[in-house]
Every structure is written in C-alpha cells, then in structure tokens.
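A short worksheet on the structure shown next.
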2 protein chains.
Amino acid sequence: MNAVKRKGSRTTVASKPDIRTVAALAKVSIATVSRTINASPAVSEKLAQRVWQAIEQLNYFPNTHARSLVSGRSRILGIIVENITNPFFPELIASFEEIAVAHGYEILVSSTNNDAQLLTNCVRRMLERKVEGVAVLTFGGEEPVLDQLAIHNMPIVLAEFHLDDPSVSTILLDYSAGIHEAVRHLVELGHTRIGFLAGPHVLHSALTRREAFEQTMHEVDLRVHKNWIIECDHTLKGGVTGFEKLMALPSRPTALICSNDMTAIGVLRAAYMANLRVPEDLSVIGLDDIDFAEFTLPPLTTIRLSRHELAKAAFDALRLQAEKSSSAESMIQREFLVSTSLVVRGSTAAPAAEKSASKSKTSLRD
Amino acid sequence: MNAVKRKGSRTTVASKPDIRTVAALAKVSIATVSRTINASPAVSEKLAQRVWQAIEQLNYFPNTHARSLVSGRSRILGIIVENITNPFFPELIASFEEIAVAHGYEILVSSTNNDAQLLTNCVRRMLERKVEGVAVLTFGGEEPVLDQLAIHNMPIVLAEFHLDDPSVSTILLDYSAGIHEAVRHLVELGHTRIGFLAGPHVLHSALTRREAFEQTMHEVDLRVHKNWIIECDHTLKGGVTGFEKLMALPSRPTALICSNDMTAIGVLRAAYMANLRVPEDLSVIGLDDIDFAEFTLPPLTTIRLSRHELAKAAFDALRLQAEKSSSAESMIQREFLVSTSLVVRGSTAAPAAEKSASKSKTSLRD
DNA sequence: CTGAAAGCGCTAACAC
DNA sequence: GTGTTAGCGCTTTCAG
C-alpha cells in the first residue's frame, strides 16, 4: 500500500515492509504480529506460523528505533575502554560483542585515551542512545564523570573500583594470584633482584598491580628496591623509556615484571638495542597475555588475564542490573572476580653469574 | 508534570526531561524547541536563547530513537571489518570513529572473521538499526551478502572491489606505489632473489597485493619464482608457517615481502627460531605499518597504508552518498584512492655472500 | 517567525 | 487468544 511514494526507488525491493504490511499479509492484527515477534506465549501455533511465513516472505524486520521508543529499552550496551590501540582492548571488545550479540544486544564502543573531554562526550552519547548499561573498562581515573551516569540510574560495571551506588557493580581482578606465581617462578629460577615497571598511577589497575607486586615480594622475603620500581605508561614506548631509566642506575635487577605486555614488549625491544640478551642477561615478564605475546622475540612469559572472563563478567553484571525486577533489587550479585595465572614462555631464565644484569660496568648492590 | 509515576526513583534527578518540559520552561511550543535543537534558521535569537537556557538548566538531551523514528535518519554508520584482532583494524576503527563522532555520527562495529554466517547476521543488525551507510572494510569475499545491503539502497563503501550499483562507492588502495618502492629498495641493497608471502586469495586485497608484486618484479626485470610466492593467511601464525614452507625449499630467496605486517612479524619470529638472522641472512618487509612494526626485533621495514586516510575516504564516501540530494545523485564522487609508501627500518639490509639465505645446505639456484 | 496537529513503527494495556 | 487503541518523543507540514 505504501509502495508508491518512494522517490529514487530504482530496482529497490517493494519498499520497507511494515508491521502493518505483515499483519495484512498474514491476515491478523498488528498486535498479533508484535506478540509473535516477541515470542509471547499468548499466540496460537496456527497464527504464529502464518505470521512467520509472512515475515519471511516480505523479508521484514522490526524497526528498532520504534521498538526502543515505545518500550523504553534499547537493547544496546555501552563499553568504554581506555585505548583501542592496545591489543588487549580489541580482544576484550571482541569477546564482549560476541556475548552481547548472542543475547540480542548491540554494543556501542568508545575509547577515551584517558581524555576527560572525550569521556564526557562519550558518556553523553551513551545516554542519548539510551544504552541499558555501560561497562567502563578503562581501569581507573574517571570517577567524576561516572556520576553523570549514576545519576541517570544507569547500570554500570567498573573494573577495580568500588562505587557505593546500587546501580554500580564491580569487577575485581585478582592480580595477586598471577603475580605471586610470577615471583615464585623467578625465585625458583634463582632471581632475587626483581624490578617492576608499573603503569600510570592514575589507573587503579596499575596501582593494584604494583601493590600486589610489593606485597608478594614481602611474602617471599625479597627486598623491594624502590628505584627498581618505575612508573611507565602501559605503552610500547613507555617500556623503552622505563628500561632506559633502569639502565642508567648503578645497580640493576636481573629480572623485571611489567605492569602490562605492551611495556614488556617495549623492554624487549630496548634490551635488544642495548645489546642485553633476554632472558640470559635479563628475564622479563609481562601481564595480560595479548595474542602478540606468543610471537615476540623471545616469546614472552606473562601473566594471563582472560579477556573472555572479563568480558563475561562485565556482561553478566550489566544484564543482572538491567533485568532485575525492582523487587529483588538489592539481592543481585554486585561483585565479580576474574583471576590471573602465569604462562611461562621464553623470556625468563636463570640469571647468569653475579654480574649478569650489567653490560660492562660491574653491578653493585645498592 | 511527568515526574511522579517513576517507580524506583531513589535520588534520581527529576526524571528525564522531555521536549515538552523544555518547551514549558522556555514558554514556547515544542516545535520551536525542535527547531532550535536542529539549528533551523527560522528561530528568532530571543526564543533560541530562552530555549538553550532551558535545555541547559534541565540537562536535557533529545531521545535519538524518537528522532530516528520520525526523521528516518539514525545518524549511525556501520563499519564491518575482517578481524578486530589484527591491530590494523582497531587503528582503522579508531580513526573512523573519531571522524564520525566529530560529525555527529555514531558507529556500529562488527567483525566477521571471514565467517559468512556472522556477516549475514551483522548486515541484518545494521539494517535493523537503520544505519545510514556501511563501510565494508573486510577486503574481499563478501559479495553475496552485499546484495542484501544494496537491495535496501543502503550506501556502501567497499575496499578494492567495484560493484555496479549507484549506492556503492569504492576505495582503491594503490599498493603499486609502495610495493614498487619496496622492491627498488631491495634491489638497491643488492637483492635479486625476492619472495612474497601472500594473503589468503579469497581477499581481493591479498590478490591485488600479490599482483602488484609480480608486476613490479617484471618491471625491474627480476625473475618471479612461483614457489617463492606462498599463500599465507595474514596472521602471525600464518607467517610462521609460510616461512617454514620456504625453508623447506632447496633454493631460497634473500629477501621477503609480506602481504601484511602480521605475516612479517610471524616470519621474524620463525626466522629467529630457525637461527636465521634478520636482516643479515634474510631481509623482510611488511605491509600496513601497524604501530607494532616499529617495535619488533629488528624494527620492521614496511609499506605504510595510512589508516587515517582509509578511514577518511570511507567516511567521506558514505557521507556523500547519505547526504546527496536526489537531484545530483549521479554526480558524486564514487571512487577514492589511498596511497602507500615505504618506511625503511631495520629488517632490511644488503644480502650476505652468495650462500646467504641458507643455514647449512648450499643454496642452489632453481 | 511561531504554534497546532499529524503521524514515524511499534508495544502494552484494555476490551472482546 | 486476538483485536483496538493510546501513546513513546520527536519532526514536519500547514495555518496563522
């Protein structure tokens, strides 16, 4: 009926079937069509079949905007990450998307690059699109803007940060387990001089990782050399710079744990440039286990943080929040734990003789 | 007015301001509010100011779903990539998003992993969300499903593939330029025995790259050894396998150009494991120049393909299509060119003496 | 220049 | 079970 007034319709298919078109073809009311689509149990087998048939025949699919408008539910989930350029995040997003799509949700991705302006902007966009929940996986530093979301009563899931709001869930990353394994591994290899290349301290995760390291060192009775803990920025370049700072020190560690894989890969590169052999002269361990880690030279020993587990936790948290009946509101799970574990590859080995970590100068204990 | 019937409203802000709420506060009609928001010139300074003030005061923003429903325009662009796990794509997506957001568009990302089922599904999702255009940057192999989009008269931009439909634009990647430079570079270094690790032939881009290679070789009068052209799959692992196949050959090239950086990085890894030194024993060149390329061991010489240029071309193409006045329909630009160029780093050098590329056996010319 | 009113395509009461 | 109908929040004629 409405096939006439199209303007540029060249060989286009009989323009955009409507819920009405379907109803007409199936000889039912639009309400029945709607019910059928939404799998309402209150539709008889017989009609349902007629409807589905009409739907297929017309190649019809519902207009999500109309749906969202009337139902108030968009079936869109937001995910905000720090930097889509760090391979950890694409892998995380891919997992999140897969899970979301499987459950009939769409996702809206945004990366903030730690820029407050961008964050504000993307929170606004999420609000405008009426997302049903937002996973904030930037790992820290964005509390101020979160209020904007919380105030709209939007379900949120945060990594590593607890916000005392009923619509906010938290994912805790259990770094201790993996870092403990890593230190143990190093100790068993014979290392006692272990350094740590931290992430930017504005990130909760970076701080947590660093603390887990120090804690573990104490537990195994190893000395933590403050100047062997260097704040980097979780990028490749940062790893290079961190390594260089370390080399400038009069006394150096024989092993290095890095706050993420990107840093570790930067170190690998810098060590190579400095003619230091990994792992013979220096053992290095990363954190994340991005796909690349297996392909570095040498293959990177690293602490694995499962993107899939993390994505799943985020999705579950959001869904629980979004679909909670207002009655059982306070009963839902609001805290999720994701574990870590060591993956041993080629970038760790027993330290060489005493002067191992130094190229030419003698290494002094400080 | 409508602030009462909220259910769980705890400390929530005076629930969701409406266009009506704004109109009431500003003492104008909702039509005026709408016009103001949409920057219609037909609103007097005075009223516009009152409206904006009301908007700010209420922290109001329009409901995009309602907007899309009535206007038929969603301000969403779709982007379909092959594999979000290859760093080339996140970098591409980030650029595309940045441009799109700057122009007030939202983006819907999907990766297909070369899975036809996934592709169909995501085309459907895009259609459901009423995207205004789709950038299909999977680089080949998805023609069948594209019809589904074309039939809906949806603006599409394709990489490397020409579809004879008025709503389809094409981005041509000028690989020849970069590959030419690469081969020249190798020749100047003294190489004559050059191999090529191709991408999967189902991808147009892979085929085009390979052809550009062969073409260039002919141009510089170098022999193309068919068995030095090996089909890989554009992954790290694929690079390793490709390299191994090459090593099994009785005669080997002294330099290798790879269809993408991932392959090249795989080769770097495999060469290391095989005790072959890069670049002394084997020069290798990648294609893409992903961020990682600068941080491999040794730093990768590669043919740069600007993600930003590509993203911009895709966006422009889509926007031209989407915003074309039906009159000037046939006048718009439908073809875009993105160039490539060589970035020389550390993975290329002059070949060693004659037996260079062989580890222990003598290398025979075939 | 401004306002009133008619829907956009769909869901969710509410009747039958 | 099924159909009728009243909007969801907004844009857009059409009058004034």
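Quick note on naming: the chains in the structure tokens go A, B, ... in the order shown, residues restart at 1 in each chain, and ligands are numbered from 1 in order of appearance.
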Could you list, as a list of chain:residue names, every residue of chain B that has an atom within 8 Å of an atom of chain C, counting only C-alpha atoms (C1' of nucleotides)?
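Taking only C-alpha atoms (C1' of nucleotides) into account, B:Ser29, B:Ala31, B:Thr32, B:Ala42, B:Val43, B:Ser44, B:Leu69, B:Val70, B:Ser71, B:Gly72 sit within 8 Å of chain C.
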Chain B residues within 9 Å of chain D, counting only C-alpha atoms (C1' of nucleotides): which ones, as an NGL selection string?
:B and (18-20 or 31 or 34-35 or 62-71)
Please produce, as a tab-separated table, a per-residue contact table for chain B versus chain A (criterion: any atom at most 8 Å away, only C-alpha atoms considered), showing the nearest atom pair and its distance in Å to one decimal, sorted by chain then residue number.
residue	atom	partner	partner_atom	distance
B:Gly8	CA	A:Ser326	CA	7.0
B:Thr11	CA	A:Ile151	CA	7.7
B:Thr12	CA	A:Ile151	CA	5.8
B:Val13	CA	A:Ile151	CA	6.5
B:Phe61	CA	A:Glu128	CA	6.7
B:Pro62	CA	A:Glu128	CA	6.7
B:Asn63	CA	A:Glu128	CA	5.9
B:Thr64	CA	A:Arg129	CA	5.8
B:His65	CA	A:His65	CA	4.8
B:Ala66	CA	A:Leu69	CA	5.9
B:Ser68	CA	A:His65	CA	6.5
B:Leu69	CA	A:His65	CA	5.7
B:Ile84	CA	A:Pro90	CA	6.1
B:Thr85	CA	A:Glu91	CA	6.0
B:Pro87	CA	A:Pro87	CA	6.5
B:Pro90	CA	A:Ile84	CA	6.1
B:Glu91	CA	A:Thr85	CA	6.0
B:Ala94	CA	A:Ile84	CA	7.0
B:Ile107	CA	A:Leu108	CA	7.5
B:Leu108	CA	A:Leu108	CA	6.6
B:Val109	CA	A:Val109	CA	7.9
B:Ser111	CA	A:Ala94	CA	8.0
B:Glu128	CA	A:Asn63	CA	5.9
B:Arg129	CA	A:Thr64	CA	5.8
B:Lys130	CA	A:Asn63	CA	7.6
B:Ile151	CA	A:Thr12	CA	5.7
B:His152	CA	A:Thr12	CA	6.4
B:Asn153	CA	A:Thr12	CA	6.6
B:Leu236	CA	A:Phe295	CA	7.3
B:Ile265	CA	A:Phe295	CA	7.6
B:Gly266	CA	A:Phe295	CA	6.8
B:Arg269	CA	A:Phe295	CA	6.1
B:Tyr272	CA	A:Leu297	CA	7.5
B:Phe295	CA	A:Arg269	CA	6.1
B:Thr296	CA	A:Arg269	CA	6.7
B:Leu297	CA	A:Arg269	CA	6.3
B:Ser326	CA	A:Gly8	CA	7.0
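Restricting the calculation to only C-alpha atoms, the smallest distance between Arg252 (chain B) and any of B:Ala264, B:Val343, B:Ala293, B:Ile194 is found for B:Ile194.
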List the spatial neighbours of Leu256 (chain B) as a PyMOL selection string - criterion: any atom at most 9 Å away, only C-alpha atoms (C1' of nucleotides), same-chain residues fewer than 3 positions off excluded.
chain B and resi 193-197+228+253+264+282-286
Interatomic distance (Å, one decimal) between CA of Val81 (chain A) and CA of Arg307 (chain A)
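Here the two named atoms are 12.7 Å from each other.
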In region 51-257 of chain A, DSSP strand (DSSP E) residues written as a ChimeraX atom specification:
/A:76-81,106-111,134-137,156-159,168-174,194-198,229-231,255-257
I'd like the contact shell of Leu300 (chain B) - 6 Å cut-off, only C-alpha atoms (C1' of nucleotides), skipping same-chain residues fewer than 4 positions apart - returned as a list in words.
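So the residues in contact are Ala293, Arg345, Gly346 and Ser347 of chain B.
With distances restricted to only C-alpha atoms, A:Ala311 is the closest residue to Ala100 (chain A) from A:Ala322, A:Ile332, A:Cys232, A:Ala311.
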What does the distance from CA of Pro17 (chain B) to CA of Asn59 (chain B) come to in Å, to one decimal?
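Interatomic distance, CA of Pro17 (chain B) to CA of Asn59 (chain B): 7.6 Å.
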Could you work out how far CA of Gln117 (chain B) lies from CA of Glu323 (chain A), giving the answer in Å with one decimal?
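Interatomic distance here is 28.7 Å.
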